[in-house]
file upload_3.cif (mmCIF, C-alpha atoms and all ligand atoms)
data_start
#
loop_
_atom_site.label_atom_id
_atom_site.label_comp_id
_atom_site.auth_asym_id
_atom_site.auth_seq_id
_atom_site.Cartn_x
_atom_site.Cartn_y
_atom_site.Cartn_z
CA MET A 17 -201.55 -79.67 -32.93
CA ILE A 18 -200.98 -82.20 -30.24
CA GLY A 19 -199.80 -85.77 -30.48
CA ALA A 20 -201.85 -86.89 -27.47
CA PRO A 21 -205.07 -85.50 -25.98
CA LEU A 22 -204.00 -82.69 -23.68
CA PRO A 23 -206.24 -80.19 -21.89
CA LEU A 24 -205.09 -77.20 -23.92
CA VAL A 25 -207.03 -73.99 -24.39
CA ALA A 26 -206.90 -72.49 -27.89
CA LEU A 27 -206.89 -68.71 -27.69
CA PRO A 28 -207.25 -66.19 -30.47
CA SER A 29 -204.43 -63.68 -30.66
CA ASP A 30 -205.56 -60.27 -29.42
CA PRO A 31 -203.02 -57.56 -30.15
CA GLN A 32 -205.42 -54.89 -28.85
CA SER A 33 -205.58 -56.30 -25.33
CA GLY A 34 -204.31 -54.21 -22.42
CA PRO A 35 -201.07 -54.98 -20.57
CA LEU A 36 -202.93 -56.39 -17.54
CA ASP A 37 -205.34 -58.57 -19.56
CA TYR A 38 -202.72 -61.28 -19.73
CA LEU A 39 -199.00 -61.91 -19.29
CA SER A 40 -196.72 -63.41 -21.93
CA ALA A 41 -193.01 -64.10 -22.39
CA SER A 42 -192.63 -61.26 -24.90
CA ARG A 43 -194.39 -58.76 -22.63
CA LEU A 44 -192.26 -59.77 -19.64
CA LYS A 45 -189.03 -59.69 -21.69
CA CYS A 46 -189.85 -56.21 -23.00
CA TRP A 47 -190.67 -55.08 -19.46
CA GLN A 48 -187.30 -56.37 -18.26
CA GLU A 49 -185.43 -54.66 -21.11
CA CYS A 50 -186.95 -51.18 -20.85
CA ARG A 51 -190.22 -50.07 -19.27
CA LEU A 52 -190.51 -47.05 -21.56
CA LYS A 53 -190.18 -49.27 -24.64
CA PHE A 54 -192.87 -51.47 -23.10
CA PHE A 55 -195.07 -48.38 -22.68
CA PHE A 56 -194.69 -47.40 -26.34
CA ARG A 57 -195.34 -50.94 -27.56
CA TYR A 58 -198.05 -52.29 -25.26
CA VAL A 59 -199.75 -49.20 -23.78
CA GLU A 60 -199.52 -46.63 -26.60
CA ARG A 61 -199.41 -49.45 -29.21
CA LEU A 62 -197.14 -47.49 -31.50
CA PRO A 63 -196.28 -49.48 -34.63
CA SER A 64 -192.83 -51.00 -34.86
CA SER A 65 -190.78 -51.10 -38.05
CA ALA A 66 -190.47 -54.26 -40.15
CA SER A 67 -186.74 -54.90 -40.51
CA PRO A 68 -185.23 -57.37 -43.01
CA ALA A 69 -183.90 -59.45 -40.08
CA LEU A 70 -187.37 -59.64 -38.56
CA PHE A 71 -188.94 -60.75 -41.84
CA VAL A 72 -186.22 -63.37 -42.39
CA GLY A 73 -186.91 -64.70 -38.88
CA LYS A 74 -190.66 -64.86 -39.60
CA ALA A 75 -190.14 -66.67 -42.92
CA ILE A 76 -187.84 -69.24 -41.31
CA HIS A 77 -190.22 -69.72 -38.40
CA HIS A 78 -193.13 -70.27 -40.81
CA VAL A 79 -191.26 -72.95 -42.78
CA LEU A 80 -190.13 -74.72 -39.60
CA GLN A 81 -193.73 -74.68 -38.39
CA GLN A 82 -194.83 -76.39 -41.62
CA TRP A 83 -191.94 -78.85 -41.28
CA ASN A 84 -193.10 -79.76 -37.76
CA LEU A 85 -196.74 -80.06 -38.86
CA ALA A 86 -195.78 -82.31 -41.79
CA ARG A 87 -193.81 -84.60 -39.46
CA TRP A 88 -196.73 -84.61 -37.04
CA ARG A 89 -199.07 -85.69 -39.86
CA GLY A 90 -196.59 -88.24 -41.22
CA GLN A 91 -196.26 -86.31 -44.52
CA PRO A 92 -193.07 -85.66 -46.55
CA ALA A 93 -190.93 -83.06 -44.77
CA ASP A 94 -187.76 -82.53 -46.79
CA ALA A 95 -186.15 -79.45 -48.34
CA ASP A 96 -187.68 -80.10 -51.79
CA THR A 97 -191.20 -80.28 -50.32
CA LEU A 98 -190.73 -77.15 -48.24
CA LYS A 99 -189.07 -74.89 -50.84
CA PRO A 100 -192.47 -73.91 -52.37
CA VAL A 101 -193.73 -73.13 -48.84
CA PHE A 102 -190.78 -70.78 -48.34
CA ASP A 103 -191.20 -69.17 -51.79
CA SER A 104 -194.91 -68.64 -51.27
CA TYR A 105 -194.42 -67.03 -47.86
CA TRP A 106 -191.74 -64.72 -49.24
CA GLU A 107 -193.66 -63.71 -52.35
CA ASN A 108 -196.99 -63.17 -50.58
CA LYS A 109 -195.83 -61.03 -47.69
CA PRO A 110 -198.55 -58.66 -46.50
CA GLU A 111 -198.42 -55.14 -47.93
CA GLU A 112 -198.16 -53.70 -44.45
CA GLU A 113 -194.74 -55.38 -44.23
CA ASP A 114 -193.08 -52.24 -45.56
CA ILE A 115 -189.53 -53.52 -45.19
CA ALA A 116 -186.47 -51.33 -45.72
CA TRP A 117 -184.56 -53.86 -47.86
CA GLU A 118 -182.14 -51.29 -49.32
CA ASN A 119 -181.48 -53.54 -52.36
CA SER A 120 -180.74 -56.56 -50.17
CA GLU A 121 -183.95 -58.56 -50.65
CA SER A 122 -182.63 -61.21 -53.06
CA ASP A 123 -179.49 -61.65 -50.94
CA GLN A 124 -181.56 -61.99 -47.76
CA ARG A 125 -183.90 -64.45 -49.46
CA GLU A 126 -181.00 -66.61 -50.61
CA LYS A 127 -179.44 -66.52 -47.14
CA ALA A 128 -182.74 -67.42 -45.44
CA TRP A 129 -183.26 -70.45 -47.66
CA GLY A 130 -179.59 -71.41 -47.16
CA MET A 131 -180.15 -71.40 -43.38
CA LEU A 132 -183.18 -73.66 -43.79
CA GLU A 133 -181.38 -76.06 -46.14
CA HIS A 134 -178.56 -76.28 -43.63
CA TYR A 135 -181.06 -76.92 -40.86
CA PHE A 136 -182.83 -79.72 -42.74
CA ALA A 137 -179.45 -81.36 -43.46
CA HIS A 138 -178.19 -81.13 -39.86
CA THR A 139 -181.25 -81.10 -37.60
CA PRO A 140 -180.85 -83.24 -34.48
CA ILE A 141 -184.53 -84.27 -34.80
CA PRO A 142 -185.03 -87.57 -36.68
CA LEU A 143 -187.62 -87.18 -39.48
CA GLN A 144 -189.59 -90.19 -38.20
CA GLU A 145 -189.87 -88.76 -34.66
CA LYS A 146 -193.48 -87.65 -34.15
CA PRO A 147 -193.76 -84.41 -32.15
CA GLU A 148 -195.70 -84.38 -28.89
CA ALA A 149 -197.07 -80.93 -29.76
CA VAL A 150 -196.69 -78.30 -32.50
CA GLU A 151 -197.57 -74.59 -32.19
CA VAL A 152 -199.85 -74.98 -29.19
CA ILE A 153 -201.49 -71.95 -27.64
CA VAL A 154 -201.82 -72.37 -23.90
CA GLU A 155 -203.21 -70.28 -21.06
CA ARG A 156 -202.46 -70.73 -17.37
CA ASP A 157 -204.72 -69.25 -14.71
CA LEU A 158 -202.59 -67.40 -12.11
CA ASP A 159 -205.52 -66.14 -10.03
CA ALA A 160 -204.19 -67.97 -6.97
CA HIS A 161 -201.11 -65.71 -7.18
CA GLY A 162 -203.20 -62.55 -7.67
CA LEU A 163 -201.86 -62.27 -11.25
CA PRO A 164 -203.41 -62.03 -14.74
CA PRO A 165 -203.38 -65.26 -16.78
CA LEU A 166 -200.24 -66.31 -18.60
CA ARG A 167 -200.53 -67.00 -22.34
CA GLY A 168 -198.05 -68.35 -24.82
CA VAL A 169 -197.38 -70.38 -27.93
CA ILE A 170 -194.95 -73.28 -27.74
CA ASP A 171 -193.24 -73.93 -31.12
CA LEU A 172 -192.56 -77.62 -30.66
CA VAL A 173 -192.49 -80.29 -27.98
CA ARG A 174 -190.41 -83.28 -29.00
CA ALA A 175 -191.40 -86.83 -28.10
CA GLY A 176 -190.51 -87.28 -24.44
CA GLY A 177 -191.42 -83.73 -23.38
CA CYS A 178 -188.41 -81.68 -24.56
CA ILE A 179 -189.57 -78.14 -25.40
CA VAL A 180 -187.87 -76.69 -28.51
CA ASP A 181 -187.57 -73.05 -29.43
CA PHE A 182 -186.14 -71.97 -32.80
CA LYS A 183 -184.09 -68.81 -33.00
CA THR A 184 -182.37 -66.99 -35.85
CA SER A 185 -179.24 -65.03 -35.09
CA ALA A 186 -176.51 -63.11 -36.91
CA ARG A 187 -173.81 -64.74 -34.76
CA SER A 188 -173.25 -67.83 -32.64
CA PRO A 189 -174.77 -67.57 -29.15
CA ASP A 190 -172.78 -67.68 -25.94
CA GLU A 191 -173.91 -71.09 -24.78
CA GLY A 192 -172.90 -70.38 -21.17
CA MET A 193 -175.26 -67.38 -21.11
CA ALA A 194 -178.20 -69.07 -22.84
CA ALA A 195 -179.90 -70.27 -19.65
CA LEU A 196 -179.76 -66.78 -18.14
CA LEU A 197 -180.64 -64.80 -21.27
CA HIS A 198 -183.64 -66.97 -22.11
CA GLU A 199 -184.76 -67.77 -18.57
CA THR A 200 -187.94 -65.68 -18.66
CA GLN A 201 -189.11 -67.26 -21.92
CA LEU A 202 -188.25 -70.82 -20.90
CA SER A 203 -189.80 -70.44 -17.45
CA THR A 204 -193.08 -69.26 -19.01
CA TYR A 205 -193.01 -72.26 -21.39
CA ALA A 206 -192.43 -74.57 -18.40
CA LEU A 207 -195.44 -73.13 -16.52
CA LEU A 208 -197.61 -73.47 -19.63
CA TYR A 209 -196.44 -76.97 -20.49
CA ARG A 210 -197.00 -78.17 -16.91
CA GLU A 211 -200.50 -76.63 -16.97
CA ALA A 212 -201.32 -78.37 -20.24
CA THR A 213 -199.93 -81.81 -19.46
CA GLY A 214 -199.80 -82.11 -15.66
CA LYS A 215 -196.17 -83.18 -15.94
CA GLU A 216 -192.76 -81.55 -15.94
CA GLU A 217 -190.88 -80.94 -19.19
CA SER A 218 -187.86 -83.22 -19.69
CA GLY A 219 -185.72 -80.23 -20.71
CA PHE A 220 -185.28 -77.59 -23.40
CA GLU A 221 -183.50 -77.24 -26.72
CA LEU A 222 -182.69 -73.81 -28.09
CA GLN A 223 -182.00 -74.37 -31.79
CA PHE A 224 -180.11 -71.37 -33.23
CA LEU A 225 -180.00 -70.98 -37.02
CA ILE A 226 -177.01 -68.72 -37.57
CA LYS A 227 -176.92 -66.33 -40.54
CA THR A 228 -173.17 -66.45 -41.19
CA LYS A 229 -171.72 -66.74 -44.72
CA GLN A 230 -171.74 -70.50 -44.23
CA PRO A 231 -174.96 -71.09 -42.25
CA LYS A 232 -174.56 -72.84 -38.92
CA LEU A 233 -176.82 -74.64 -36.49
CA VAL A 234 -176.09 -74.44 -32.77
CA VAL A 235 -178.24 -76.49 -30.40
CA THR A 236 -178.14 -75.65 -26.70
CA SER A 237 -179.73 -78.19 -24.35
CA LEU A 238 -180.99 -77.01 -20.99
CA LEU A 239 -182.35 -78.72 -17.90
CA PRO A 240 -185.98 -78.42 -16.74
CA VAL A 241 -186.85 -75.16 -15.01
CA SER A 242 -186.10 -75.33 -11.26
CA PRO A 243 -188.43 -74.31 -8.40
CA ASP A 244 -186.20 -71.28 -7.80
CA GLN A 245 -186.60 -70.21 -11.43
CA VAL A 246 -190.38 -70.53 -11.11
CA ARG A 247 -190.24 -68.31 -8.00
CA ARG A 248 -188.10 -65.76 -9.88
CA LEU A 249 -190.67 -65.70 -12.68
CA LEU A 250 -193.53 -65.13 -10.24
CA ARG A 251 -191.61 -62.26 -8.57
CA LEU A 252 -191.02 -60.76 -12.03
CA MET A 253 -194.73 -61.01 -12.83
CA GLU A 254 -195.59 -59.29 -9.52
CA SER A 255 -193.14 -56.50 -10.34
CA TYR A 256 -194.69 -56.16 -13.81
CA VAL A 257 -198.24 -55.85 -12.45
CA ALA A 258 -197.21 -53.39 -9.71
CA GLY A 259 -195.23 -51.30 -12.24
CA VAL A 260 -198.06 -51.16 -14.79
CA GLU A 261 -200.59 -50.26 -12.08
CA ALA A 262 -198.26 -47.48 -10.85
CA GLU A 263 -197.56 -46.39 -14.47
CA ASP A 264 -193.86 -46.67 -13.69
CA TYR A 265 -192.42 -46.48 -17.21
CA ILE A 266 -188.94 -45.22 -16.44
CA PRO A 267 -186.50 -45.69 -19.39
CA SER A 268 -183.48 -48.01 -19.19
CA PRO A 269 -180.95 -46.81 -21.77
CA GLY A 270 -178.33 -49.34 -22.87
CA LEU A 271 -176.92 -51.23 -25.83
CA HIS A 272 -180.45 -52.41 -26.67
CA CYS A 273 -181.38 -48.80 -27.62
CA SER A 274 -179.57 -49.35 -30.94
CA TYR A 275 -182.37 -51.63 -32.15
CA CYS A 276 -185.27 -49.88 -30.39
CA ASP A 277 -188.08 -48.73 -32.71
CA TYR A 278 -188.99 -45.81 -30.47
CA GLN A 279 -185.80 -43.77 -30.25
CA SER A 280 -187.41 -40.52 -31.39
CA GLU A 281 -190.41 -40.97 -29.06
CA CYS A 282 -187.96 -41.74 -26.28
CA ARG A 283 -186.01 -38.51 -26.84
CA ALA A 284 -189.28 -36.56 -26.73
CA TRP A 285 -190.53 -38.32 -23.59
CA HIS A 286 -190.63 -36.36 -20.34
S1 LIG B 301 -184.39 -45.89 -26.88
FE1 LIG B 301 -183.62 -47.13 -25.18
S2 LIG B 301 -184.29 -46.09 -23.29
FE2 LIG B 301 -185.49 -45.30 -25.01
S3 LIG B 301 -187.37 -46.51 -25.06
FE3 LIG B 301 -185.93 -47.46 -26.47
S4 LIG B 301 -184.87 -49.02 -25.26
FE4 LIG B 301 -185.86 -47.62 -23.82
#

call {"tool": "encode", "arguments": {"input": "upload_3.cif", "output": "structure tokens", "more": "lines below"}}
Ligand code: SF4
result
Amino acid sequence: MIGAPLPLVALPSDPQSGPLDYLSASRLKCWQECRLKFFFRYVERLPSSASPALFVGKAIHHVLQQWNLARWRGQPADADTLKPVFDSYWENKPEEEDIAWENSESDQREKAWGMLEHYFAHTPIPLQEKPEAVEVIVERDLDAHGLPPLRGVIDLVRAGGCIVDFKTSARSPDEGMAALLHETQLSTYALLYREATGKEESGFELQFLIKTKQPKLVVTSLLPVSPDQVRRLLRLMESYVAGVEAEDYIPSPGLHCSYCDYQSECRAWH
């Protein structure tokens, strides 16, 4: 949904596409984290487990999407209006979401709604501010760079061109590290936004909904992506394409292994 006519390309999601059919922030991030994990997820397409934290993140993202759409349409967008949206999403989760709740579902549900209530009470976005864009799917042709196209979905663009990304987290982020940790994702958004609008983003907001006992909201503002960051992203994409073509799926063990879905496949890999 876009507040002004922009030359956007709507693309159906295609989970069965090959790793060189298109590039995306999640593919590039996974590639940076561990090439073997990337292989299991995007080449072998092994299923990943549905954790409670992942489902909570999806439920919150869904409600925030409806909140943004309601503001875009000029409809009521308060906690009372959105509670049935949250309840419906939670109660109608697909059967394939076989989540290992371990008796924590009602607690997780209460916490998730608590995070949303806190967000609606403390959001930095005025209710009357009409978004520039909500949940837009964009593709950028990178043929001139010898690369596959780049695809992505931008959650929200605030009036004035500030790109917003919502994140849920168990703890407060290190604000000093945010620009570095999220650089790949934000640089892809910048390339897509510039393709869609012909102008540069005014900046970024990472809005973290924190799942502490007392929910918190941490908003980190970041400057527009620099030319050097764009060059870094292009070099990363070139490395990705060369690595996939060479089938270079060497593992990168580290702290991230603790939440990897493919630990047993990894141990068996040779
Ligand atoms: S367990 Fe670690 S090294 Fe193995 S695939 Fe997963 S992230 Fe990579």

call {"tool": "closest_residue", "arguments": {"input": "upload_3.cif", "among": "A:Arg174, A:Lys183, A:Arg167, A:Arg210", "to": "Ala41 in chain A", "atoms": "all atoms listed in the file"}}
result
A:Arg167

call {"tool": "closest_residue", "arguments": {"input": "upload_3.cif", "among": "A:Pro147, A:Val101, A:Gly214, A:Val235", "to": "Pro189 in chain A", "atoms": "all atoms listed in the file"}}
result
A:Val235

call {"tool": "closest_residue", "arguments": {"input": "upload_3.cif", "among": "A:Ala86, A:Ala160, A:Met131, A:Cys273", "to": "Leu225 in chain A", "atoms": "all atoms listed in the file"}}
result
A:Met131

call {"tool": "atom_distance", "arguments": {"input": "upload_3.cif", "atom1": "CA of Cys46 in chain A", "atom2": "CA of Tyr256 in chain A"}}
result
10.4 Å

call {"tool": "atom_distance", "arguments": {"input": "upload_3.cif", "atom1": "CA of Val169 in chain A", "atom2": "CA of Val154 in chain A"}}
result
6.3 Å

call {"tool": "decode", "arguments": {"input": "upload_3.cif", "residues": "range 65-81 of chain A", "atoms": "N, CA and C atoms", "output": "CSV table (one decimal), in the first residue's frame"}}
result
chain,number,residue,atom,x,y,z
A,65,SER,N,12.4,-25.3,12.3
A,65,SER,CA,11.4,-25.5,13.4
A,65,SER,C,10.7,-24.2,13.7
A,66,ALA,N,9.5,-24.3,14.2
A,66,ALA,CA,8.7,-23.1,14.6
A,66,ALA,C,8.8,-22.9,16.1
A,67,SER,N,9.7,-22.0,16.5
A,67,SER,CA,9.9,-21.7,17.9
A,67,SER,C,8.8,-20.8,18.4
A,68,PRO,N,8.6,-20.8,19.8
A,68,PRO,CA,7.6,-19.8,20.3
A,68,PRO,C,8.1,-18.4,20.0
A,69,ALA,N,9.4,-18.1,20.1
A,69,ALA,CA,9.8,-16.7,19.9
A,69,ALA,C,9.5,-16.3,18.4
A,70,LEU,N,9.7,-17.2,17.5
A,70,LEU,CA,9.4,-16.9,16.1
A,70,LEU,C,7.9,-16.6,15.9
A,71,PHE,N,7.1,-17.4,16.5
A,71,PHE,CA,5.6,-17.2,16.4
A,71,PHE,C,5.2,-15.9,17.0
A,72,VAL,N,5.8,-15.6,18.2
A,72,VAL,CA,5.5,-14.3,18.9
A,72,VAL,C,5.9,-13.2,17.9
A,73,GLY,N,7.0,-13.3,17.3
A,73,GLY,CA,7.5,-12.2,16.4
A,73,GLY,C,6.5,-12.1,15.2
A,74,LYS,N,6.0,-13.2,14.7
A,74,LYS,CA,5.1,-13.1,13.5
A,74,LYS,C,3.8,-12.5,13.9
A,75,ALA,N,3.3,-12.9,15.1
A,75,ALA,CA,2.0,-12.3,15.6
A,75,ALA,C,2.1,-10.8,15.8
A,76,ILE,N,3.2,-10.4,16.4
A,76,ILE,CA,3.4,-8.9,16.6
A,76,ILE,C,3.5,-8.2,15.3
A,77,HIS,N,4.3,-8.8,14.4
A,77,HIS,CA,4.5,-8.2,13.0
A,77,HIS,C,3.1,-8.1,12.3
A,78,HIS,N,2.3,-9.1,12.4
A,78,HIS,CA,1.0,-9.1,11.8
A,78,HIS,C,0.1,-7.9,12.3
A,79,VAL,N,0.1,-7.8,13.6
A,79,VAL,CA,-0.7,-6.7,14.2
A,79,VAL,C,-0.2,-5.3,13.9
A,80,LEU,N,1.1,-5.2,13.9
A,80,LEU,CA,1.7,-3.9,13.5
A,80,LEU,C,1.4,-3.6,12.0
A,81,GLN,N,1.4,-4.6,11.2
A,81,GLN,CA,1.0,-4.4,9.8
A,81,GLN,C,-0.4,-3.9,9.7
